[in-house]
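Structure file final-v4.cif (mmCIF, C-alpha atoms and all ligand atoms) follows.
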```cif
data_protein
loop_
_atom_site.label_atom_id
_atom_site.label_comp_id
_atom_site.auth_asym_id
_atom_site.auth_seq_id
_atom_site.Cartn_x
_atom_site.Cartn_y
_atom_site.Cartn_z
CA MET A 1 -48.25 -157.75 1.35
CA MET A 2 -45.10 -159.91 1.37
CA LYS A 3 -47.21 -162.84 2.49
CA VAL A 4 -49.56 -162.43 -0.48
CA VAL A 5 -46.63 -162.23 -2.94
CA LEU A 6 -44.98 -165.27 -1.34
CA ALA A 7 -48.24 -167.21 -1.46
CA ASN A 8 -48.70 -166.31 -5.14
CA LEU A 9 -45.13 -167.33 -5.93
CA LEU A 10 -45.61 -170.65 -4.16
CA ALA A 11 -48.86 -171.24 -6.03
CA LEU A 12 -47.10 -170.48 -9.32
CA LEU A 13 -44.25 -172.83 -8.48
CA PHE A 14 -46.73 -175.56 -7.59
CA MET A 15 -48.58 -175.12 -10.88
CA CYS A 16 -45.33 -175.25 -12.86
CA THR A 17 -44.31 -178.46 -11.10
CA CYS A 18 -47.72 -180.03 -11.85
CA ALA A 19 -47.47 -179.03 -15.50
CA CYS A 20 -43.98 -180.56 -15.78
CA VAL A 21 -45.05 -183.84 -14.14
CA PHE A 22 -48.11 -183.99 -16.39
CA TYR A 23 -45.98 -183.40 -19.52
CA VAL A 24 -43.46 -186.10 -18.59
CA LEU A 25 -46.24 -188.60 -17.86
CA THR A 26 -48.01 -187.88 -21.13
CA ARG A 27 -44.83 -188.36 -23.18
CA LEU A 28 -44.05 -191.55 -21.32
CA GLU A 29 -47.54 -192.87 -21.94
CA SER A 30 -47.44 -192.09 -25.65
CA ARG A 31 -44.05 -193.79 -26.00
CA LEU A 32 -45.34 -196.84 -24.14
CA GLU A 33 -48.45 -196.91 -26.31
CA ARG A 34 -46.40 -196.73 -29.52
CA HIS A 35 -44.15 -199.45 -28.19
CA ARG A 36 -47.12 -201.65 -27.32
CA LEU A 37 -48.52 -201.20 -30.84
CA GLY A 38 -45.22 -202.30 -32.30
CA PHE A 39 -44.46 -198.92 -33.91
CA PRO A 40 -40.93 -197.63 -33.72
CA THR A 41 -40.81 -194.76 -31.25
CA PRO A 42 -39.48 -191.57 -32.82
CA GLY A 43 -35.71 -191.66 -32.57
CA GLY A 44 -35.92 -195.05 -30.90
CA GLU A 45 -35.08 -197.42 -33.73
CA PRO A 46 -33.28 -195.57 -36.48
CA ASP A 47 -32.94 -198.62 -38.71
CA HIS A 48 -36.65 -199.35 -38.84
CA PRO A 49 -38.38 -196.07 -39.45
CA GLY A 50 -42.17 -196.21 -39.52
CA PRO A 51 -43.70 -194.69 -42.63
CA LEU A 52 -44.75 -191.61 -40.75
CA ASP A 53 -41.57 -191.09 -38.76
CA LEU A 54 -39.88 -188.97 -41.37
CA PRO A 55 -37.13 -186.55 -40.51
CA PRO A 56 -38.06 -182.86 -40.83
CA LYS A 57 -35.72 -182.55 -43.82
CA THR A 58 -37.81 -185.08 -45.74
CA PHE A 59 -41.01 -183.29 -44.85
CA ARG A 60 -39.55 -180.05 -46.20
CA ALA A 61 -38.57 -181.86 -49.37
CA LEU A 62 -42.11 -183.16 -49.70
CA LEU A 63 -43.53 -179.69 -49.64
CA ALA A 64 -41.84 -179.11 -52.97
CA VAL A 65 -42.70 -182.46 -54.47
CA PRO A 66 -41.89 -182.08 -58.18
CA VAL A 67 -38.53 -180.49 -57.42
CA ALA A 68 -37.77 -183.03 -54.74
CA GLN A 69 -38.55 -185.86 -57.13
CA LYS A 70 -36.18 -184.50 -59.70
CA LEU A 71 -33.45 -183.93 -57.19
CA LEU A 72 -33.77 -187.16 -55.32
CA PHE A 73 -34.61 -189.52 -58.12
CA GLY A 74 -32.67 -187.64 -60.76
CA ASN A 75 -32.01 -189.79 -63.78
CA VAL A 76 -33.35 -192.88 -62.04
CA VAL A 77 -37.00 -192.07 -62.34
CA ASP A 78 -38.20 -189.74 -64.99
CA VAL A 79 -41.60 -189.05 -63.52
CA HIS A 80 -42.46 -186.68 -66.33
CA ASN A 81 -42.02 -189.21 -69.04
CA LEU A 82 -43.68 -192.41 -68.01
CA SER A 83 -45.25 -194.43 -70.75
CA GLY A 84 -48.20 -196.81 -70.43
CA PRO A 85 -47.85 -200.23 -68.79
CA SER A 86 -47.26 -202.18 -71.99
CA GLU A 87 -44.54 -199.92 -73.33
CA GLN A 88 -42.81 -199.92 -69.99
CA PHE A 89 -42.92 -203.65 -69.81
CA ASP A 90 -41.33 -204.00 -73.23
CA THR A 91 -38.61 -201.55 -72.32
CA PHE A 92 -37.93 -203.62 -69.26
CA ARG A 93 -37.76 -206.83 -71.28
CA ASP A 94 -35.36 -205.24 -73.77
CA SER A 95 -33.02 -204.13 -71.04
CA ARG A 96 -33.08 -207.66 -69.66
CA LEU A 97 -31.94 -209.02 -72.98
CA SER A 98 -29.09 -206.61 -73.29
CA VAL A 99 -27.58 -207.29 -69.91
CA SER A 100 -28.52 -210.86 -69.10
CA ASN A 101 -25.48 -212.35 -70.82
CA ARG A 102 -23.03 -210.60 -68.63
CA GLY A 103 -24.63 -211.82 -65.38
CA LYS A 104 -22.40 -213.66 -62.98
CA SER A 105 -22.70 -217.37 -62.49
CA ARG A 106 -24.72 -218.41 -59.47
CA GLY A 107 -21.62 -219.34 -57.47
CA ASP A 108 -19.84 -215.94 -57.48
CA PRO A 109 -20.27 -213.69 -54.45
CA LEU A 110 -21.84 -210.38 -55.38
CA MET A 111 -20.68 -207.02 -54.01
CA LEU A 112 -23.14 -204.46 -52.67
CA SER A 113 -22.27 -202.14 -55.56
CA GLU A 114 -23.41 -204.85 -57.97
CA LEU A 115 -26.64 -205.45 -56.07
CA VAL A 116 -27.93 -201.97 -55.39
CA GLU A 117 -28.04 -198.84 -57.57
CA ASP A 118 -28.84 -195.24 -56.74
CA GLY A 119 -28.95 -195.98 -53.05
CA VAL A 120 -32.15 -197.97 -52.73
CA PHE A 121 -32.89 -199.81 -55.98
CA TRP A 122 -32.07 -203.40 -56.89
CA SER A 123 -29.46 -203.24 -59.64
CA GLU A 124 -30.05 -203.80 -63.35
CA GLN A 125 -27.67 -206.73 -63.10
CA LEU A 126 -29.86 -208.43 -60.53
CA GLU A 127 -33.10 -207.49 -62.31
CA ALA A 128 -31.68 -209.04 -65.48
CA GLN A 129 -31.50 -212.43 -63.83
CA LEU A 130 -34.99 -212.42 -62.35
CA PRO A 131 -37.58 -214.81 -63.71
CA VAL A 132 -39.96 -212.86 -65.96
CA GLY A 133 -43.18 -213.85 -64.22
CA PHE A 134 -46.49 -213.78 -66.06
CA THR A 135 -45.83 -211.66 -69.12
CA GLU A 136 -48.39 -209.59 -70.96
CA GLU A 137 -48.19 -211.88 -73.94
CA HIS A 138 -48.73 -214.97 -71.79
CA THR A 139 -51.69 -213.29 -70.10
CA ARG A 140 -53.29 -212.38 -73.43
CA ASP A 141 -52.85 -215.93 -74.67
CA TRP A 142 -54.31 -217.49 -71.50
CA ARG A 143 -57.32 -215.20 -71.61
CA GLU A 144 -57.90 -216.10 -75.22
CA ARG A 145 -57.98 -219.79 -74.25
CA THR A 146 -60.36 -219.35 -71.32
CA ARG A 147 -62.67 -216.37 -71.71
CA GLY A 148 -66.10 -217.70 -72.65
CA ARG A 149 -64.62 -221.11 -73.58
CA PRO A 150 -66.44 -224.33 -72.56
CA ILE A 151 -65.49 -225.84 -69.20
CA VAL A 152 -65.54 -229.64 -69.25
CA SER A 153 -65.02 -230.42 -65.57
CA LEU A 154 -65.09 -228.80 -62.13
CA GLU A 155 -63.08 -230.63 -59.49
CA PRO A 156 -61.35 -230.10 -56.15
CA GLY A 157 -57.73 -228.91 -56.35
CA CYS A 158 -57.85 -225.18 -55.64
CA GLY A 159 -58.34 -225.04 -51.87
CA ARG A 160 -61.63 -224.60 -50.06
CA ILE A 161 -64.94 -226.01 -51.30
CA SER A 162 -66.00 -222.75 -52.95
CA ASN A 163 -62.94 -222.91 -55.23
CA ARG A 164 -62.93 -225.40 -58.08
CA LEU A 165 -60.34 -226.56 -60.54
CA ALA A 166 -61.86 -226.04 -63.99
CA THR A 167 -60.60 -227.81 -67.09
CA PHE A 168 -61.31 -226.43 -70.56
CA THR A 169 -61.71 -228.43 -73.77
CA ASP A 170 -58.07 -227.86 -74.78
CA GLY A 171 -56.81 -229.04 -71.36
CA THR A 172 -56.12 -225.53 -70.00
CA LYS A 173 -56.83 -225.31 -66.25
CA ALA A 174 -58.07 -222.50 -64.05
CA CYS A 175 -59.01 -222.03 -60.41
CA VAL A 176 -62.60 -220.78 -60.27
CA ARG A 177 -63.40 -218.79 -57.14
CA TYR A 178 -66.99 -218.32 -56.10
CA GLY A 179 -67.21 -215.50 -53.59
CA ILE A 180 -69.49 -215.89 -50.62
CA ASN A 181 -70.09 -212.17 -51.17
CA ALA A 182 -69.22 -209.70 -53.93
CA ASP A 183 -66.35 -208.21 -51.86
CA GLN A 184 -64.23 -211.28 -52.35
CA VAL A 185 -64.40 -211.45 -56.14
CA GLN A 186 -63.99 -207.67 -56.35
CA GLY A 187 -60.96 -207.82 -54.03
CA GLU A 188 -59.35 -210.61 -56.04
CA THR A 189 -60.01 -208.85 -59.35
CA LEU A 190 -59.06 -205.28 -58.46
CA THR A 191 -55.96 -206.48 -56.63
CA TYR A 192 -54.95 -208.27 -59.80
CA TYR A 193 -55.38 -205.11 -61.88
CA LEU A 194 -53.48 -203.03 -59.34
CA ALA A 195 -50.56 -205.45 -59.74
CA THR A 196 -50.77 -204.96 -63.51
CA LEU A 197 -50.78 -201.19 -63.05
CA LEU A 198 -47.69 -201.41 -60.86
CA GLY A 199 -45.93 -203.82 -63.24
CA ILE A 200 -45.74 -206.56 -60.59
CA PRO A 201 -45.71 -209.77 -62.67
CA ASN A 202 -46.25 -212.34 -59.91
CA LEU A 203 -50.04 -212.78 -60.05
CA PRO A 204 -51.48 -215.47 -62.33
CA PRO A 205 -53.69 -214.12 -65.15
CA LEU A 206 -57.32 -213.57 -64.21
CA THR A 207 -60.63 -213.28 -66.06
CA LEU A 208 -64.23 -213.07 -64.89
CA SER A 209 -67.21 -215.12 -65.88
CA GLN A 210 -70.90 -214.80 -65.11
CA LEU A 211 -72.62 -218.06 -64.21
CA ASN A 212 -75.24 -219.01 -66.77
CA LEU A 213 -76.02 -222.68 -67.03
CA GLU A 214 -77.43 -222.29 -70.53
CA SER A 215 -74.25 -220.64 -71.85
CA GLU A 216 -71.65 -222.49 -73.90
CA GLN A 217 -69.09 -222.01 -71.13
CA TRP A 218 -71.08 -223.65 -68.32
CA ALA A 219 -73.45 -226.06 -70.05
CA ALA A 220 -71.22 -229.14 -69.69
CA VAL A 221 -70.79 -228.68 -65.92
CA LYS A 222 -74.40 -227.79 -65.09
CA GLY A 223 -74.69 -230.69 -62.64
CA SER A 224 -71.53 -229.73 -60.72
CA VAL A 225 -72.60 -226.11 -60.46
CA ALA A 226 -76.02 -227.12 -59.16
CA SER A 227 -74.54 -229.43 -56.52
CA LEU A 228 -72.13 -226.68 -55.40
CA GLN A 229 -75.18 -224.47 -54.88
CA TRP A 230 -73.54 -221.62 -56.72
CA GLY A 231 -76.31 -219.09 -56.97
CA GLY A 232 -77.98 -217.53 -59.98
CA LYS A 233 -75.95 -215.25 -62.14
CA ALA A 234 -73.01 -214.79 -59.79
CA ILE A 235 -69.74 -213.48 -61.16
CA VAL A 236 -66.81 -215.78 -60.49
CA SER A 237 -63.09 -215.24 -61.03
CA LEU A 238 -60.90 -217.59 -63.02
CA THR A 239 -57.16 -217.55 -62.40
CA GLU A 240 -54.55 -219.57 -64.21
CA TRP A 241 -53.78 -222.88 -62.54
CA VAL A 242 -50.01 -223.23 -62.31
CA ALA A 243 -48.37 -226.66 -62.19
CA ASN A 244 -45.57 -227.76 -59.85
CA LEU A 245 -45.90 -225.02 -57.25
CA THR A 246 -44.12 -225.41 -53.93
CA GLY A 247 -44.40 -223.58 -50.61
CA VAL A 248 -42.28 -220.60 -49.55
CA VAL A 249 -40.98 -219.88 -46.05
CA THR A 250 -40.66 -216.16 -45.22
CA PRO A 251 -36.96 -215.18 -45.41
CA ALA A 252 -35.34 -214.49 -42.03
CA PRO A 253 -34.91 -210.69 -42.50
CA LEU A 254 -38.67 -210.29 -42.98
CA ARG A 255 -39.75 -212.27 -39.95
CA GLN A 256 -40.67 -210.37 -36.84
CA GLU A 257 -37.30 -210.82 -35.19
CA GLY A 258 -35.56 -209.99 -38.51
CA ARG A 259 -33.89 -206.70 -39.32
CA GLY A 260 -35.94 -205.95 -42.40
CA LEU A 261 -34.47 -205.38 -45.83
CA HIS A 262 -32.03 -202.52 -46.32
CA PRO A 263 -29.40 -201.71 -48.94
CA LEU A 264 -26.57 -202.62 -46.59
CA ARG A 265 -23.46 -204.71 -47.16
CA GLU A 266 -24.00 -206.81 -44.02
CA GLU A 267 -27.55 -207.65 -45.05
CA LEU A 268 -27.05 -208.48 -48.71
CA GLU A 269 -23.49 -209.56 -49.48
CA ASN A 270 -23.77 -212.86 -47.60
CA LYS A 271 -26.72 -214.01 -49.71
CA THR A 272 -26.62 -216.43 -52.62
CA LEU A 273 -27.90 -215.23 -55.98
CA GLY A 274 -30.96 -217.47 -55.58
CA GLU A 275 -31.76 -215.89 -52.20
CA LEU A 276 -31.26 -212.40 -53.60
CA LEU A 277 -33.57 -213.02 -56.54
CA GLU A 278 -36.23 -214.18 -54.11
CA LEU A 279 -35.68 -211.12 -51.90
CA VAL A 280 -36.19 -208.84 -54.90
CA GLN A 281 -39.62 -210.38 -55.39
CA TRP A 282 -40.34 -210.20 -51.67
CA SER A 283 -39.66 -206.47 -51.72
CA ASP A 284 -42.48 -206.13 -54.26
CA LEU A 285 -44.70 -208.43 -52.22
CA ILE A 286 -44.35 -206.33 -49.07
CA LEU A 287 -45.16 -203.06 -50.86
CA PHE A 288 -48.04 -204.65 -52.72
CA ASP A 289 -49.66 -206.21 -49.67
CA TYR A 290 -49.24 -202.88 -47.88
CA LEU A 291 -51.05 -201.02 -50.66
CA THR A 292 -53.88 -203.51 -50.84
CA ALA A 293 -53.92 -204.09 -47.05
CA ASN A 294 -53.92 -207.82 -47.72
CA PHE A 295 -53.54 -209.37 -44.28
CA ASP A 296 -53.95 -212.91 -45.57
CA ARG A 297 -50.30 -213.55 -46.35
CA LEU A 298 -47.51 -212.35 -44.10
CA VAL A 299 -49.46 -210.10 -41.74
CA SER A 300 -51.79 -212.85 -40.49
CA ASN A 301 -48.70 -214.93 -39.72
CA LEU A 302 -47.21 -212.09 -37.69
CA PHE A 303 -50.49 -211.91 -35.81
CA SER A 304 -50.50 -215.67 -35.17
CA LEU A 305 -47.07 -215.41 -33.54
CA GLN A 306 -48.90 -214.48 -30.34
CA TRP A 307 -49.94 -218.06 -29.78
CA ASP A 308 -47.89 -219.98 -32.32
CA SER A 309 -44.20 -219.11 -32.00
CA ARG A 310 -43.15 -221.36 -34.89
CA VAL A 311 -45.59 -220.02 -37.47
CA MET A 312 -42.82 -218.28 -39.42
CA GLU A 313 -40.96 -221.52 -39.90
CA ARG A 314 -43.82 -222.87 -41.99
CA ASP A 315 -44.90 -221.96 -45.52
CA THR A 316 -46.37 -218.49 -45.98
CA SER A 317 -50.11 -218.48 -46.77
CA ASN A 318 -51.18 -217.72 -50.29
CA LEU A 319 -47.66 -217.68 -51.67
CA HIS A 320 -45.98 -220.29 -53.85
CA LYS A 321 -42.91 -220.71 -55.99
CA THR A 322 -42.42 -222.23 -59.44
CA PRO A 323 -39.47 -224.51 -60.17
CA GLY A 324 -37.91 -221.56 -62.06
CA GLY A 325 -37.92 -219.35 -58.94
CA ASP A 326 -40.94 -217.13 -59.67
CA LEU A 327 -42.93 -216.26 -56.58
CA VAL A 328 -46.66 -216.64 -57.30
CA PHE A 329 -49.02 -214.49 -55.24
CA ILE A 330 -52.37 -216.35 -55.14
CA ASP A 331 -55.68 -215.84 -53.34
CA ASN A 332 -55.74 -212.06 -53.16
CA GLU A 333 -59.41 -211.78 -52.27
CA ALA A 334 -58.66 -210.05 -48.95
CA GLY A 335 -57.01 -207.18 -50.83
CA LEU A 336 -58.41 -203.67 -51.30
CA VAL A 337 -62.05 -204.23 -50.36
CA HIS A 338 -62.17 -206.51 -47.32
CA GLY A 339 -58.64 -205.50 -46.28
CA TYR A 340 -59.69 -201.83 -46.17
CA ARG A 341 -62.84 -202.66 -44.23
CA VAL A 342 -60.86 -204.25 -41.42
CA LEU A 343 -57.87 -201.95 -41.62
CA HIS A 344 -58.14 -200.91 -37.98
CA MET A 345 -57.30 -204.48 -36.95
CA TRP A 346 -54.20 -204.93 -39.05
CA GLU A 347 -52.73 -201.54 -39.81
CA LYS A 348 -49.97 -201.66 -37.21
CA TYR A 349 -48.62 -204.83 -38.82
CA HIS A 350 -48.99 -203.49 -42.37
CA SER A 351 -47.13 -200.28 -41.51
CA ALA A 352 -44.37 -201.97 -39.55
CA LEU A 353 -43.71 -204.43 -42.38
CA MET A 354 -43.69 -201.77 -45.07
CA GLY A 355 -41.43 -199.57 -42.95
CA SER A 356 -38.95 -202.43 -42.62
CA VAL A 357 -38.19 -202.58 -46.35
CA CYS A 358 -35.83 -199.95 -47.78
CA VAL A 359 -34.78 -201.48 -51.08
CA PHE A 360 -37.10 -201.53 -54.06
CA ARG A 361 -37.56 -202.62 -57.64
CA LYS A 362 -37.08 -199.53 -59.75
CA ARG A 363 -40.13 -200.08 -61.85
CA THR A 364 -42.43 -200.51 -58.86
CA ALA A 365 -41.03 -197.40 -57.17
CA GLN A 366 -41.39 -195.49 -60.42
CA ARG A 367 -45.07 -196.40 -60.71
CA VAL A 368 -45.73 -195.53 -57.07
CA ILE A 369 -44.07 -192.13 -57.56
CA GLU A 370 -46.14 -191.46 -60.63
CA LEU A 371 -49.41 -192.48 -58.97
CA HIS A 372 -48.49 -190.24 -56.06
CA ARG A 373 -47.58 -187.31 -58.24
CA LEU A 374 -50.67 -187.45 -60.44
CA LYS A 375 -53.00 -188.48 -57.59
CA ASP A 376 -54.89 -190.59 -60.10
CA ALA A 377 -54.78 -194.14 -58.72
CA ARG A 378 -58.56 -194.44 -58.91
CA THR A 379 -58.82 -193.22 -62.51
CA ARG A 380 -55.93 -195.34 -63.78
CA LEU A 381 -57.10 -198.51 -62.03
CA LEU A 382 -60.68 -198.04 -63.24
CA GLN A 383 -59.54 -197.39 -66.80
CA LEU A 384 -57.32 -200.48 -66.93
CA TYR A 385 -60.06 -202.65 -65.36
CA ARG A 386 -62.73 -201.44 -67.81
CA GLU A 387 -60.48 -201.85 -70.81
CA SER A 388 -59.40 -205.36 -69.84
CA GLU A 389 -62.50 -206.90 -68.33
CA PRO A 390 -65.85 -206.99 -70.16
CA LEU A 391 -67.69 -207.82 -66.90
CA ALA A 392 -66.29 -204.78 -65.06
CA PRO A 393 -69.62 -202.91 -65.08
CA GLU A 394 -71.42 -205.93 -63.58
CA LEU A 395 -68.88 -206.54 -60.82
CA GLY A 396 -68.43 -202.88 -59.93
CA PHE A 397 -65.48 -200.91 -58.60
CA LEU A 398 -64.02 -199.50 -55.38
CA SER A 399 -66.19 -197.12 -53.36
CA ASP A 400 -64.97 -193.53 -53.19
CA GLU A 401 -63.88 -194.13 -49.63
CA HIS A 402 -61.76 -197.14 -50.56
CA ALA A 403 -60.30 -195.37 -53.60
CA GLY A 404 -59.26 -192.61 -51.19
CA ILE A 405 -57.60 -195.15 -48.90
CA LEU A 406 -55.67 -196.58 -51.85
CA GLN A 407 -54.40 -193.14 -52.86
CA ASN A 408 -53.47 -192.41 -49.27
CA ARG A 409 -51.47 -195.63 -49.00
CA ILE A 410 -49.69 -194.81 -52.25
CA ASP A 411 -48.79 -191.40 -50.83
CA ARG A 412 -47.48 -192.95 -47.62
CA LEU A 413 -45.46 -195.49 -49.52
CA TYR A 414 -44.04 -192.71 -51.66
CA LYS A 415 -42.93 -190.85 -48.54
CA HIS A 416 -41.32 -194.00 -47.24
CA ILE A 417 -39.37 -194.52 -50.50
CA LEU A 418 -38.25 -190.90 -50.31
CA HIS A 419 -37.21 -191.42 -46.71
CA CYS A 420 -35.11 -194.49 -47.62
CA LYS A 421 -33.59 -192.63 -50.56
CA GLY A 422 -32.60 -189.78 -48.27
CA LYS A 423 -31.17 -192.16 -45.73
CA TYR A 424 -29.18 -194.52 -47.93
CA SER A 425 -28.15 -192.48 -50.97
CA GLN A 426 -25.26 -190.78 -49.22
CA LEU A 427 -23.76 -194.04 -47.94
N1 LIG B 1 -53.56 -220.71 -59.40
C1 LIG B 1 -53.23 -221.84 -58.76
N2 LIG B 1 -52.38 -222.72 -59.32
C2 LIG B 1 -52.06 -223.87 -58.68
N3 LIG B 1 -52.54 -224.21 -57.48
C3 LIG B 1 -53.38 -223.37 -56.88
C4 LIG B 1 -53.77 -222.13 -57.48
N4 LIG B 1 -54.65 -221.52 -56.66
C5 LIG B 1 -54.78 -222.31 -55.59
N5 LIG B 1 -54.02 -223.43 -55.71
C6 LIG B 1 -53.90 -224.53 -54.74
O1 LIG B 1 -54.95 -224.48 -53.79
C7 LIG B 1 -54.48 -224.16 -52.50
C8 LIG B 1 -55.43 -223.17 -51.82
O2 LIG B 1 -55.55 -222.03 -52.64
P1 LIG B 1 -56.20 -220.68 -52.18
O3 LIG B 1 -56.47 -219.93 -53.42
O4 LIG B 1 -55.34 -220.05 -51.15
O5 LIG B 1 -57.55 -221.18 -51.56
P2 LIG B 1 -58.32 -220.84 -50.21
O6 LIG B 1 -59.42 -219.94 -50.65
O7 LIG B 1 -58.81 -222.17 -49.75
O8 LIG B 1 -57.37 -220.20 -49.25
C9 LIG B 1 -53.09 -223.57 -52.73
O9 LIG B 1 -52.26 -223.72 -51.63
C10 LIG B 1 -52.62 -224.38 -53.93
O10 LIG B 1 -52.17 -225.63 -53.52
MG MG B 2 -55.79 -219.07 -49.37
#
```

Kindly return the structure encoded in the file as structure tokens.
Amino acid sequence: MMKVVLANLLALLFMCTCACVFYVLTRLESRLERHRLGFPTPGGEPDHPGPLDLPPKTFRALLAVPVAQKLLFGNVVDVHNLSGPSEQFDTFRDSRLSVSNRGKSRGDPLMLSELVEDGVFWSEQLEAQLPVGFTEEHTRDWRERTRGRPIVSLEPGCGRISNRLATFTDGTKACVRYGINADQVQGETLTYYLATLLGIPNLPPLTLSQLNLESEQWAAVKGSVASLQWGGKAIVSLTEWVANLTGVVTPAPLRQEGRGLHPLREELENKTLGELLELVQWSDLILFDYLTANFDRLVSNLFSLQWDSRVMERDTSNLHKTPGGDLVFIDNEAGLVHGYRVLHMWEKYHSALMGSVCVFRKRTAQRVIELHRLKDARTRLLQLYRESEPLAPELGFLSDEHAGILQNRIDRLYKHILHCKGKYSQL
């Protein structure tokens, strides 16, 4: 009898030991896997939380979203009273006017309290000194000068062979992009309208045109179109050609070895005003490329680091700067459509980059919160696109699957903003 009990006890002990060893190995493997993928391991890198590594407190707060929004964003973001894009833009412009005169001169050092408000938002004072970007009024005017207007020449000057620099009768210039497939023109176009919806003013104005060699718009460049072998009645995108653009090197904090961008004294107070104003625009760029899964800017550079260690020291792809300091986000055709198709290849880089930024433009955060709360990214984007672009029905819109991915990315970005707010507001 004793022997049987002893044997059973030994068997039990053996099983327990096996279970423990198995558990430890599994944990170790999952940590190694996360490390290999470049994700922060839970509790491993507190300064660079991944979007999904939220503390339990934040998760609880998320369960009661409307209340949490009110509590955490308080008077900063009135999610219940957001007006349409145009009204918001005007409000923003007005506030710029009222505070821009009391901005410091470019030589004065700025204190963290002057740079950041409400924990994680760039201050009004800093916002007031930002270049305005492409305003609504400018966009309306440019469209008026190009939509349906005759093109007098098509020349090189906008990158690859399938892009042409078009000149209109009044001298206005546009980059015409002929997509090898419909995804590219759709990606470029819908990415542009998403930027408009978010109030990100760094993308040059865009319109669409349908090729028709008999039309007034294309008749004068019939020969060029034929020699380019642009097919039939393809829809092409036209974006404003901007003079005097220069290249932009990714700022050190946003390179792979960098610390990311956080509302911390040691990260921000040593920067010049010029550098800060650029960082403000970079914070929008990172969120925007995350939402659209555009790998063809910073993310592809991070990927290239594997075999080209100096890639970050060179200009960032598809990003330029005007002499006035505006960042210009061009060539967005990888966004939304193609970017979502190949998400499995790039997602670890997208998430890591987004998770490394914890300071935001108020307006962008406000729009993300609203799109999260109302879960209506698809409807709002479609509405804006249809209202603004007569060729929307011909070009088509996001598939249901891709619209779902967009909403999901908005929700994840929202959680990340909430996480940063929770982390830095008490400091
Ligand atoms: N809107 C624009 N305004 C001024 N230059 C432009 C514009 N778009 C493209 N370019 C010029 O063409 C180059 C390639 O543009 P891009 O759109 O990235 O083409 P590609 O499809 O070849 O990558 C840019 O680096 C820039 O010099
Ligand atoms: Mg390009």

message = If we count only C-alpha atoms and set the cut-off at 9 Å, which residues sit around stretch 372-381 of chain A, ignoring sequence neighbours fewer than 6 positions away in its own chain? Please answer as a PyMOL selection string.
response = chain A and resi 65-66+79+190+193-194+197+398+400+403-404+406-408+410-414

What would the file look like if the residues just selected were written as a short mmCIF file (atom, residue, chain, number, x, y, z; two decimals), in the frame of the given file with C-alpha atoms?
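Once everything was written out, this is selection.cif:
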```cif
data_model
loop_
_atom_site.label_atom_id
_atom_site.label_comp_id
_atom_site.auth_asym_id
_atom_site.auth_seq_id
_atom_site.Cartn_x
_atom_site.Cartn_y
_atom_site.Cartn_z
CA VAL A 65 -42.70 -182.46 -54.47
CA PRO A 66 -41.89 -182.08 -58.18
CA VAL A 79 -41.60 -189.05 -63.52
CA LEU A 190 -59.06 -205.28 -58.46
CA TYR A 193 -55.38 -205.11 -61.88
CA LEU A 194 -53.48 -203.03 -59.34
CA LEU A 197 -50.78 -201.19 -63.05
CA LEU A 398 -64.02 -199.50 -55.38
CA ASP A 400 -64.97 -193.53 -53.19
CA ALA A 403 -60.30 -195.37 -53.60
CA GLY A 404 -59.26 -192.61 -51.19
CA LEU A 406 -55.67 -196.58 -51.85
CA GLN A 407 -54.40 -193.14 -52.86
CA ASN A 408 -53.47 -192.41 -49.27
CA ILE A 410 -49.69 -194.81 -52.25
CA ASP A 411 -48.79 -191.40 -50.83
CA ARG A 412 -47.48 -192.95 -47.62
CA LEU A 413 -45.46 -195.49 -49.52
CA TYR A 414 -44.04 -192.71 -51.66
#
```

request  = Find the residues near ligand LIG 1 (chain B). Use a cut-off of 12 Å, count all atoms listed in the file, and write them as a VMD selection string.
outcome  = chain A and resid 134 155 to 166 172 to 180 184 to 185 188 202 to 206 237 to 248 296 to 297 315 to 322 327 to 334

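When only C-alpha atoms and all ligand atoms are used to compute distances to ligand MG 2 (chain B), the closest of the residues A:Lys423, A:Arg363, A:Asn294, A:Arg409 turns out to be A:Asn294.
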
key: Which residue of A:Leu336, A:Ala365, A:Leu291, A:Val359 approaches A:Gln186 most closely, using all atoms listed in the file   = A:Leu336

ask   = What's the 9 Å shell around stretch 386-391 of chain A, counting all atoms listed in the file, without same-chain residues fewer than 3 positions away, as a ChimeraX atom specification?
value = /A:193,207-210,235,381-383,394-396

note = Nearest to ligand MG 2 (chain B), restricted to all atoms listed in the file and choosing among A:Phe397, A:Phe295, A:Tyr192, A:Trp122, comes out as A:Phe295

key: Nearest candidate to A:Val236 (options A:Leu211, A:Ile369, A:Val120, A:Val221; using all atoms listed in the file)   = A:Leu211

key: Which residue of A:Ser300, A:Asn270, A:Gln125, A:Thr139 approaches ligand MG 2 (chain B) most closely, using all atoms listed in the file   =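 Of all the options, A:Ser300 lies closest to ligand MG 2 (chain B).
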
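Shortest atom-to-atom contact with A:Leu279 among A:Leu126, A:Met111, A:Tyr340, A:Thr364: A:Leu126, counting all atoms listed in the file.
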
task = Rounded to one decimal place, report the atom CA of A:Thr272-atom CA of A:Pro323 distance in Å.
result = 17.0 Å

key: Å distance separating atom CA of A:Ala219 from atom MG of ligand MG 2 (chain B), one decimal place   = 28.1 Å

Each side padded by 3 Å, which centre and which edge lengths in Å (one decimal) define the axis-aligned box around the listed atoms of stretch 305-318 of chain A? Give them as lines of an AutoDock Vina configuration file.
```
center_x = -46.1
center_y = -218.7
center_z = -40.0
size_x = 16.2
size_y = 14.4
size_z = 26.5
```

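Of note, atom CA of A:Arg310 and atom CA of A:Leu277 are spaced 25.1 Å apart.
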